[in-house]
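Report on the following structure.
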Amino acid sequence: MKSNPTKCKELIIRKKSCTEIFPVVAGIPQTPSIVLLGVTFQEDSRFTIHVYEKLKKANKCLFILRSLRKEGYNQKEIDHLFTTLVLPNITYAVSVYGASKPELAKIEYFLRRCHKRKYISKEIRVQELLEKQDRKLFSKVRQIEQHPLRNLLPKKKVNRYELRNKFSNFPKINTDRFKNSYINRLIFKYNLVL
């Protein structure tokens with residue numbers, strides 16, 4: 001496949017401490033963020049831009065709900081419109097950015113505000129949305145034999161030795177972000193295996 005350098009962008013993902021300037025490759029411009037399949041990736045591995053854009057879009061939908069409520073729509077209809085117009089903006093790719101607690105906190109605040117202002121009659125928790133999306137993605141991966149994520153998912157152990165003095169070793173985890181990544185959420189929080 002031939003690439004077109006005029007349509008390409010380079011995103012360099014780096015740690016906070018890295019200040020090294022990398023040379024431009026073959027005239028391809030470097031960018032601090034890039035949108036790929038509707039998800040905005042940033043050079044600092046955060047998703048603040050993505051969450052900001054999705055919440056901005058969801059806020060625009062709230063204007064529609066507010067206008068329809070003035071027209072006489074009842075709460076049941078407003079709830080249905082909230083789940084079909086607003087929630088998809090938030091839940092799209094939540095499994096990708098679900099490891100970042102600050103972004104989830106912003107969404108949690110937005111959902112609480114929506115409940116307080118009666119855009120939705122029952123309170124919705126972002127952790128419940130995250131778990132629902134994780135389980136949905138996991139079931140899709142289980143069904144498709146050639147799915148790219150299938151090799152990353154934990155396999156069921158064949159033998160079950162229960163030695164008195166041996167305990168299972170979990171992988172060494174240094175950061176909360178890694179601990180809360182999709183694969184680790186499946187293993188440690190939901191106890192799901194292939």
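Here, A, B, ... name the chains of the structure tokens in the order displayed, residue numbers run from 1 inside each chain, and ligands are numbered from 1 in the same displayed order.
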Picked from chain A by DSSP as strand (DSSP E), as a list in words:
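Matching residues for strand (DSSP E) in chain A are Ser33, Ile34, Val35, Leu36, Val39, Thr40, Phe41 and Gln42 of chain A.
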Applying 7 Å and only C-alpha atoms, which residues near range 23-37 of chain A remain after dropping the ones on its own chain fewer than 5 positions away? List them as an NGL selection string.
:A and (5 or 8-11 or 42-43)
Nearest to Leu62 in chain A among A:Leu129, A:Leu194, A:Leu186, A:Ile120, with distances taken over only C-alpha atoms: which residue is it?
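Of the candidates, the smallest distance to Leu62 in chain A is held by A:Ile120.
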So which bits of range 18-178 of chain A end up alpha helix (DSSP H) when you DSSP the backbone, as a ChimeraX atom specification?
/A:48-70,75-81,87-91,94-97,101-116,126-143,176-178
Choose the residue, out of A:Lys60, A:His80, A:Arg185, A:Arg113, that has the smallest atom-to-atom separation from Leu153 in chain A; count only C-alpha atoms.
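Going through A:Lys60, A:His80, A:Arg185, A:Arg113 one by one, the smallest distance to Leu153 in chain A is for A:Arg185.
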With distances taken over only C-alpha atoms, which of A:Gly72, A:Pro154, A:Gly98, A:Pro88 is nearest to Val141 in chain A?
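Between A:Gly72, A:Pro154, A:Gly98, A:Pro88, the residue approaching Val141 in chain A most closely is A:Pro154.
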